[in-house]
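Engineer: Compact mmCIF, C-alpha atoms, file data_22.txt:
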```
# COMPACT_ATOMS: atom_id res chain seq x y z
CA MET A 1 -38.24 158.07 97.02
CA ASP A 2 -34.95 156.25 96.41
CA PHE A 3 -34.51 154.17 99.57
CA GLY A 4 -31.67 152.19 98.03
CA LYS A 5 -29.61 155.34 97.54
CA GLN A 6 -29.71 155.99 101.29
CA LEU A 7 -28.57 152.42 101.98
CA SER A 8 -25.73 152.92 99.53
CA LEU A 9 -24.64 156.06 101.38
CA VAL A 10 -24.37 154.14 104.65
CA ARG A 11 -22.14 151.56 103.02
CA GLU A 12 -20.02 154.12 101.22
CA ARG A 13 -19.52 156.44 104.19
CA ALA A 14 -19.45 153.84 107.01
CA PRO A 15 -20.65 156.31 109.68
CA LEU A 16 -19.42 155.84 113.23
CA VAL A 17 -22.53 155.87 115.44
CA GLN A 18 -22.21 156.44 119.17
CA CYS A 19 -25.01 154.66 121.01
CA ILE A 20 -25.97 155.26 124.61
CA THR A 21 -28.35 152.37 125.03
CA ASN A 22 -29.33 149.78 127.62
CA PHE A 23 -27.55 146.56 128.54
CA VAL A 24 -30.41 144.40 127.27
CA THR A 25 -29.97 145.47 123.64
CA VAL A 26 -26.45 146.88 123.36
CA ASN A 27 -24.98 143.91 121.44
CA ASP A 28 -27.82 143.77 118.91
CA CYS A 29 -27.67 147.54 118.40
CA ALA A 30 -23.96 147.30 117.61
CA ASN A 31 -24.50 144.38 115.24
CA ILE A 32 -27.32 145.99 113.27
CA ILE A 33 -25.13 149.05 112.63
CA LEU A 34 -22.32 146.78 111.45
CA ALA A 35 -24.75 144.85 109.25
CA ALA A 36 -25.86 148.05 107.53
CA GLY A 37 -22.29 149.10 106.84
CA GLY A 38 -21.71 151.51 109.71
CA SER A 39 -19.46 151.30 112.75
CA PRO A 40 -20.74 151.29 116.35
CA SER A 41 -19.38 153.02 119.42
CA MET A 42 -21.05 152.22 122.73
CA ALA A 43 -19.37 154.87 124.92
CA ASP A 44 -21.94 155.73 127.60
CA ASP A 45 -19.94 156.92 130.61
CA VAL A 46 -20.62 160.57 131.38
CA ARG A 47 -16.87 161.11 131.81
CA GLU A 48 -16.20 160.39 128.14
CA ALA A 49 -19.50 160.58 126.26
CA ALA A 50 -19.05 164.15 125.03
CA GLU A 51 -15.47 163.50 123.98
CA ALA A 52 -16.42 160.30 122.17
CA VAL A 53 -19.12 161.98 120.11
CA ARG A 54 -16.54 164.30 118.53
CA GLY A 55 -15.28 161.44 116.41
CA SER A 56 -18.72 160.08 115.57
CA ALA A 57 -21.05 160.82 112.68
CA ALA A 58 -24.20 160.54 114.82
CA LEU A 59 -25.40 159.96 118.37
CA VAL A 60 -28.21 157.67 119.49
CA CYS A 61 -29.80 158.28 122.91
CA ASN A 62 -31.94 155.39 124.15
CA LEU A 63 -34.01 156.01 127.26
CA GLY A 64 -33.66 152.32 128.09
CA ALA A 65 -30.38 153.49 129.61
CA ILE A 66 -32.27 155.63 132.09
CA ALA A 67 -29.25 155.89 134.41
CA ALA A 68 -27.15 157.44 131.62
CA VAL A 69 -29.27 160.51 130.86
CA ASP A 70 -26.51 162.80 132.13
CA ALA A 71 -24.21 161.27 129.51
CA MET A 72 -26.90 161.70 126.83
CA VAL A 73 -27.36 165.39 127.63
CA SER A 74 -23.61 166.00 127.70
CA ALA A 75 -22.95 164.13 124.44
CA GLY A 76 -26.09 165.56 122.84
CA LYS A 77 -25.09 169.14 123.48
CA THR A 78 -21.64 168.49 122.02
CA ALA A 79 -23.19 166.82 118.97
CA ASN A 80 -25.47 169.85 118.52
CA GLU A 81 -22.50 172.20 118.68
CA LEU A 82 -20.70 170.15 116.02
CA GLY A 83 -23.77 169.85 113.77
CA LYS A 84 -24.03 166.07 114.13
CA PRO A 85 -27.45 164.40 114.13
CA VAL A 86 -28.83 163.07 117.40
CA VAL A 87 -31.53 160.39 117.48
CA LEU A 88 -33.80 159.70 120.47
CA ASP A 89 -35.56 156.48 121.41
CA PRO A 90 -37.92 157.41 124.30
CA VAL A 91 -38.28 153.88 125.69
CA ALA A 92 -41.34 153.66 127.98
CA ALA A 93 -41.36 157.47 128.22
CA GLY A 94 -44.89 157.63 129.61
CA ASN A 95 -44.66 154.79 132.13
CA THR A 96 -43.09 156.36 135.21
CA ALA A 97 -42.53 159.78 136.71
CA LEU A 98 -38.76 159.32 136.30
CA ARG A 99 -39.05 158.59 132.59
CA ARG A 100 -41.41 161.50 132.01
CA GLN A 101 -38.99 163.78 133.84
CA GLU A 102 -35.87 162.54 132.05
CA SER A 103 -37.42 162.53 128.58
CA GLY A 104 -38.48 166.12 129.23
CA ARG A 105 -34.93 167.00 130.27
CA LEU A 106 -33.57 165.48 127.06
CA LEU A 107 -36.03 167.38 124.87
CA ALA A 108 -35.23 170.61 126.68
CA GLY A 109 -31.46 170.18 126.55
CA VAL A 110 -30.77 168.54 123.18
CA LYS A 111 -31.98 169.23 119.65
CA PHE A 112 -32.86 165.94 118.00
CA ALA A 113 -32.70 165.25 114.28
CA ALA A 114 -35.06 162.30 114.69
CA ILE A 115 -37.20 160.69 117.37
CA ARG A 116 -38.38 157.08 116.99
CA GLY A 117 -40.74 155.24 119.27
CA ASN A 118 -43.97 153.33 119.43
CA ALA A 119 -47.26 155.22 119.40
CA SER A 120 -47.58 155.28 123.20
CA GLU A 121 -44.08 156.71 123.62
CA ILE A 122 -44.65 159.37 120.98
CA ARG A 123 -47.96 160.34 122.56
CA ALA A 124 -46.28 160.63 125.96
CA LEU A 125 -43.69 163.05 124.55
CA ALA A 126 -46.15 165.10 122.51
CA ARG A 127 -48.98 165.35 125.02
CA GLY A 128 -47.34 164.60 128.38
CA GLU A 129 -49.69 161.72 129.09
CA LEU A 130 -49.23 158.53 131.10
CA THR A 131 -49.15 155.88 128.38
CA GLY A 132 -47.88 152.47 127.37
CA SER A 133 -47.54 148.98 128.80
CA GLY A 134 -43.96 148.56 129.95
CA VAL A 135 -41.83 148.99 126.85
CA ASP A 136 -44.72 147.96 124.59
CA VAL A 137 -47.39 150.02 122.92
CA SER A 138 -50.78 150.04 124.66
CA GLY A 139 -53.73 148.45 122.90
CA GLU A 140 -55.49 151.78 122.45
CA ASP A 141 -52.42 153.25 120.70
CA ALA A 142 -51.77 150.37 118.28
CA VAL A 143 -51.28 151.76 114.77
CA THR A 144 -54.02 150.55 112.42
CA ASP A 145 -55.78 152.07 109.45
CA ALA A 146 -58.55 153.12 111.84
CA THR A 147 -56.20 154.89 114.27
CA LEU A 148 -53.93 156.44 111.61
CA PRO A 149 -55.46 159.95 111.72
CA ARG A 150 -54.78 160.43 115.42
CA THR A 151 -51.37 158.73 115.21
CA VAL A 152 -50.31 161.05 112.41
CA GLU A 153 -51.74 164.07 114.23
CA THR A 154 -49.71 163.26 117.36
CA ALA A 155 -46.53 162.56 115.39
CA ARG A 156 -46.87 165.83 113.49
CA LEU A 157 -47.47 167.68 116.75
CA LEU A 158 -44.23 166.32 118.24
CA ALA A 159 -42.33 167.09 115.04
CA LYS A 160 -43.50 170.71 115.17
CA GLN A 161 -42.74 170.98 118.89
CA THR A 162 -39.18 169.66 118.53
CA GLY A 163 -38.13 170.31 114.94
CA ALA A 164 -37.26 166.61 114.69
CA VAL A 165 -38.36 164.02 112.18
CA VAL A 166 -40.72 161.74 114.12
CA ALA A 167 -41.06 158.04 113.35
CA VAL A 168 -43.81 155.94 114.90
CA SER A 169 -43.23 152.19 114.71
CA GLY A 170 -46.03 149.68 114.46
CA PRO A 171 -47.83 147.42 111.98
CA ILE A 172 -47.94 150.62 109.93
CA ASP A 173 -44.88 152.84 110.36
CA VAL A 174 -45.42 156.61 110.24
CA VAL A 175 -42.64 159.09 109.43
CA THR A 176 -43.24 162.84 109.43
CA ASP A 177 -41.36 166.11 109.66
CA GLY A 178 -44.54 167.93 110.63
CA GLY A 179 -45.50 168.49 107.01
CA GLN A 180 -44.75 165.61 104.67
CA THR A 181 -45.78 162.21 106.02
CA ILE A 182 -44.92 158.74 104.72
CA LEU A 183 -46.53 155.43 105.69
CA LEU A 184 -44.54 152.20 105.42
CA ARG A 185 -46.15 148.76 105.57
CA ASN A 186 -43.30 146.23 105.72
CA GLY A 187 -42.27 144.09 108.67
CA CYS A 188 -43.89 141.19 110.53
CA ALA A 189 -45.34 140.27 113.91
CA THR A 190 -42.31 138.16 114.84
CA MET A 191 -40.27 141.35 115.15
CA ALA A 192 -42.21 142.03 118.35
CA ARG A 193 -41.27 138.58 119.69
CA ILE A 194 -37.57 139.39 120.05
CA THR A 195 -35.98 141.75 122.54
CA GLY A 196 -34.67 144.97 121.11
CA SER A 197 -36.09 145.20 117.60
CA GLY A 198 -37.12 148.80 118.31
CA CYS A 199 -33.72 149.67 119.79
CA MET A 200 -32.06 148.07 116.78
CA LEU A 201 -34.20 150.15 114.45
CA THR A 202 -33.29 153.36 116.28
CA SER A 203 -29.59 152.48 116.02
CA LEU A 204 -30.06 151.79 112.32
CA LEU A 205 -31.72 155.19 112.01
CA GLY A 206 -28.62 156.68 113.62
CA ALA A 207 -26.45 155.08 110.92
CA PHE A 208 -28.64 156.40 108.10
CA CYS A 209 -28.79 159.91 109.61
CA GLY A 210 -25.04 159.85 110.15
CA ALA A 211 -24.47 158.93 106.52
CA ASP A 212 -26.72 161.72 105.22
CA PRO A 213 -27.04 164.33 107.98
CA GLY A 214 -28.55 166.95 105.71
CA HIS A 215 -31.61 164.85 104.91
CA PRO A 216 -33.02 163.35 108.13
CA PHE A 217 -36.50 162.71 106.68
CA GLU A 218 -35.18 160.68 103.77
CA ALA A 219 -32.68 158.92 106.05
CA ALA A 220 -35.38 157.98 108.56
CA CYS A 221 -37.73 156.68 105.86
CA ALA A 222 -34.95 154.57 104.35
CA ALA A 223 -33.84 153.13 107.71
CA ILE A 224 -37.38 152.08 108.55
CA ALA A 225 -37.88 150.68 105.06
CA ALA A 226 -34.65 148.66 105.36
CA MET A 227 -35.65 147.21 108.72
CA GLY A 228 -39.14 146.38 107.50
CA VAL A 229 -37.94 144.65 104.33
CA ALA A 230 -35.32 142.78 106.36
CA GLY A 231 -38.10 141.66 108.71
CA ASP A 232 -40.09 140.34 105.75
CA LEU A 233 -37.07 138.42 104.45
CA ALA A 234 -36.27 136.98 107.88
CA GLU A 235 -39.88 135.90 108.38
CA GLU A 236 -39.94 134.16 105.01
CA ARG A 237 -36.81 132.26 106.03
CA ARG A 238 -38.28 131.39 109.45
CA LEU A 239 -41.45 129.98 107.92
CA ARG A 240 -39.49 128.10 105.26
CA ASN A 241 -37.19 126.49 107.83
CA GLY A 242 -39.67 126.08 110.68
CA THR A 243 -37.48 127.95 113.17
CA GLY A 244 -38.36 130.26 116.04
CA ASN A 245 -37.73 133.73 117.36
CA ALA A 246 -34.09 133.18 118.37
CA THR A 247 -33.09 132.19 114.84
CA PHE A 248 -35.29 134.98 113.49
CA ARG A 249 -33.19 137.51 115.41
CA THR A 250 -30.05 136.30 113.66
CA ASP A 251 -31.81 136.11 110.30
CA LEU A 252 -32.99 139.70 110.74
CA ILE A 253 -29.44 140.97 111.17
CA ASP A 254 -28.29 138.79 108.26
CA ALA A 255 -31.06 140.22 106.08
CA VAL A 256 -29.85 143.77 106.75
CA PHE A 257 -26.28 142.67 105.98
CA ASN A 258 -27.29 141.11 102.65
CA LEU A 259 -29.88 143.69 101.61
CA THR A 260 -29.28 145.25 98.19
CA GLU A 261 -30.44 148.60 96.86
CA GLU A 262 -32.56 146.82 94.25
CA GLN A 263 -34.13 144.54 96.85
CA LEU A 264 -34.96 147.45 99.11
CA ASN A 265 -36.52 149.56 96.37
CA GLY A 266 -38.36 146.58 94.93
CA ARG A 267 -39.89 145.27 98.15
CA VAL A 268 -40.66 148.38 100.15
CA ARG A 269 -44.36 149.17 100.49
CA TYR A 270 -45.00 152.82 101.17
CA GLU A 271 -47.38 155.65 100.43
CA VAL A 272 -47.62 159.38 100.96
CA TYR A 273 -50.23 160.20 103.59
CA GLU A 274 -52.53 162.93 102.33
CA GLY A 275 -54.73 163.36 105.39
```
Please rewrite the model in this file as structure tokens.

Structural biologist:
Amino acid sequence: MDFGKQLSLVRERAPLVQCITNFVTVNDCANIILAAGGSPSMADDVREAAEAVRGSAALVCNLGAIAAVDAMVSAGKTANELGKPVVLDPVAAGNTALRRQESGRLLAGVKFAAIRGNASEIRALARGELTGSGVDVSGEDAVTDATLPRTVETARLLAKQTGAVVAVSGPIDVVTDGGQTILLRNGCATMARITGSGCMLTSLLGAFCGADPGHPFEAACAAIAAMGVAGDLAEERRLRNGTGNATFRTDLIDAVFNLTEEQLNGRVRYEVYEG
């Protein structure tokens, strides 16, 4: 798989990505899109969301903005009508009755090109179960070599239910369209020590899908590969300089900005899952 080619498409086409995301991560989501070569729009008011998506290449719906689900549904339906990819981040989808209800409303009302979440969030969507620990993955859902079979099974189930490419983030990232499945093994533990790394990744996925809307599986794999390699590079810099998580956050965005096609293809660690 040519991950670098997908990165090149983002930089060549500079997709405008409309993000409806939460106030905690909105600035970082905008900056990671800019770093990749795209352009962010953060229009989230229900009175303009559908209109704003008409000029965008892709839409990102982040359930962290739980009060803006009406805007997500409105913009999502317009994006569907126009054939533009919509990406969902089901933040804490299994934690509360409200989030279970609203994630169900989104899945019923909008066709998603891709869905990205941690293993607890994906399990909540696929199986309707109470899962997770706040916005974090629960210990029982953590993606390891031992838990891979059930993680892949759940991701494939959700992909078949929704027709979306499903990406599960963790120490091992899983991407599937219900048939083909790729595992990616880049990234570092420090990424979980900053607020919004998952939201940033979903926004990055929006940029890659917007740049190549006809190939959501390849776009999702490349976005996750780019974020993972950038995490590796930022961690190397953190360890070299003896800095902490705040500097790491900046270094992560810088690493995406400076990432080359050759670097991405050379450093990505991935495999086709045959199980």

Engineer: For range 5-51 of chain A versus range 227-242 of chain A, which residues have an atom no more than 12 Å away, and what is each residue's nearest atom pair and distance in Å rounded to one decimal, using only C-alpha atoms, chain-then-number order, as a tab-separated table?

Structural biologist:
```
residue	atom	partner	partner_atom	distance
A:Leu7	CA	A:Met227	CA	11.1
A:Ile32	CA	A:Met227	CA	9.6
A:Ile33	CA	A:Met227	CA	11.4
A:Ala35	CA	A:Ala230	CA	11.2
A:Ala36	CA	A:Met227	CA	9.9
```

Engineer: Env of Val46 in chain A: 9 Å cut, atoms = all atoms listed in the file, seq-sep filter 6 positions within chain, self excluded. Answer as a ChimeraX atom specification.

Structural biologist: /A:68-72,74-75

Engineer: For Val110 in chain A, which of A:Arg150, A:Lys84, A:Arg249, A:His215 is the closest residue, counting all atoms listed in the file?

Structural biologist: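 Looking at the shortest contact to Val110 in chain A, the residue is A:Lys84.
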
Engineer: Mind listing as a PDB file with C-alpha atoms, in the coordinates of the input all residues within 9 Å of (-29.6, 153.4, 126.5), counting all atoms listed in the file?

Structural biologist:
```pdb
ATOM      1  CA  CYS A  19     -25.010 154.660 121.010  1.00  0.00           C
ATOM      2  CA  ILE A  20     -25.970 155.260 124.610  1.00  0.00           C
ATOM      3  CA  THR A  21     -28.350 152.370 125.030  1.00  0.00           C
ATOM      4  CA  ASN A  22     -29.330 149.780 127.620  1.00  0.00           C
ATOM      5  CA  PHE A  23     -27.550 146.560 128.540  1.00  0.00           C
ATOM      6  CA  THR A  25     -29.970 145.470 123.640  1.00  0.00           C
ATOM      7  CA  VAL A  26     -26.450 146.880 123.360  1.00  0.00           C
ATOM      8  CA  ASP A  44     -21.940 155.730 127.600  1.00  0.00           C
ATOM      9  CA  VAL A  60     -28.210 157.670 119.490  1.00  0.00           C
ATOM     10  CA  CYS A  61     -29.800 158.280 122.910  1.00  0.00           C
ATOM     11  CA  ASN A  62     -31.940 155.390 124.150  1.00  0.00           C
ATOM     12  CA  LEU A  63     -34.010 156.010 127.260  1.00  0.00           C
ATOM     13  CA  GLY A  64     -33.660 152.320 128.090  1.00  0.00           C
ATOM     14  CA  ALA A  65     -30.380 153.490 129.610  1.00  0.00           C
ATOM     15  CA  ILE A  66     -32.270 155.630 132.090  1.00  0.00           C
ATOM     16  CA  ALA A  67     -29.250 155.890 134.410  1.00  0.00           C
ATOM     17  CA  ALA A  68     -27.150 157.440 131.620  1.00  0.00           C
ATOM     18  CA  VAL A  69     -29.270 160.510 130.860  1.00  0.00           C
ATOM     19  CA  MET A  72     -26.900 161.700 126.830  1.00  0.00           C
ATOM     20  CA  ASP A  89     -35.560 156.480 121.410  1.00  0.00           C
ATOM     21  CA  VAL A  91     -38.280 153.880 125.690  1.00  0.00           C
ATOM     22  CA  CYS A 199     -33.720 149.670 119.790  1.00  0.00           C
TER      23      CYS A 199
END
```

Engineer: Select, from A:Ile194, A:Ala222, A:Leu184, A:Val10, the residue with the minimum atom-to-atom distance to Phe257 in chain A, counting all atoms listed in the file.

Structural biologist: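 When distances to Phe257 in chain A are compared using all atoms listed in the file, the smallest one comes from A:Val10.
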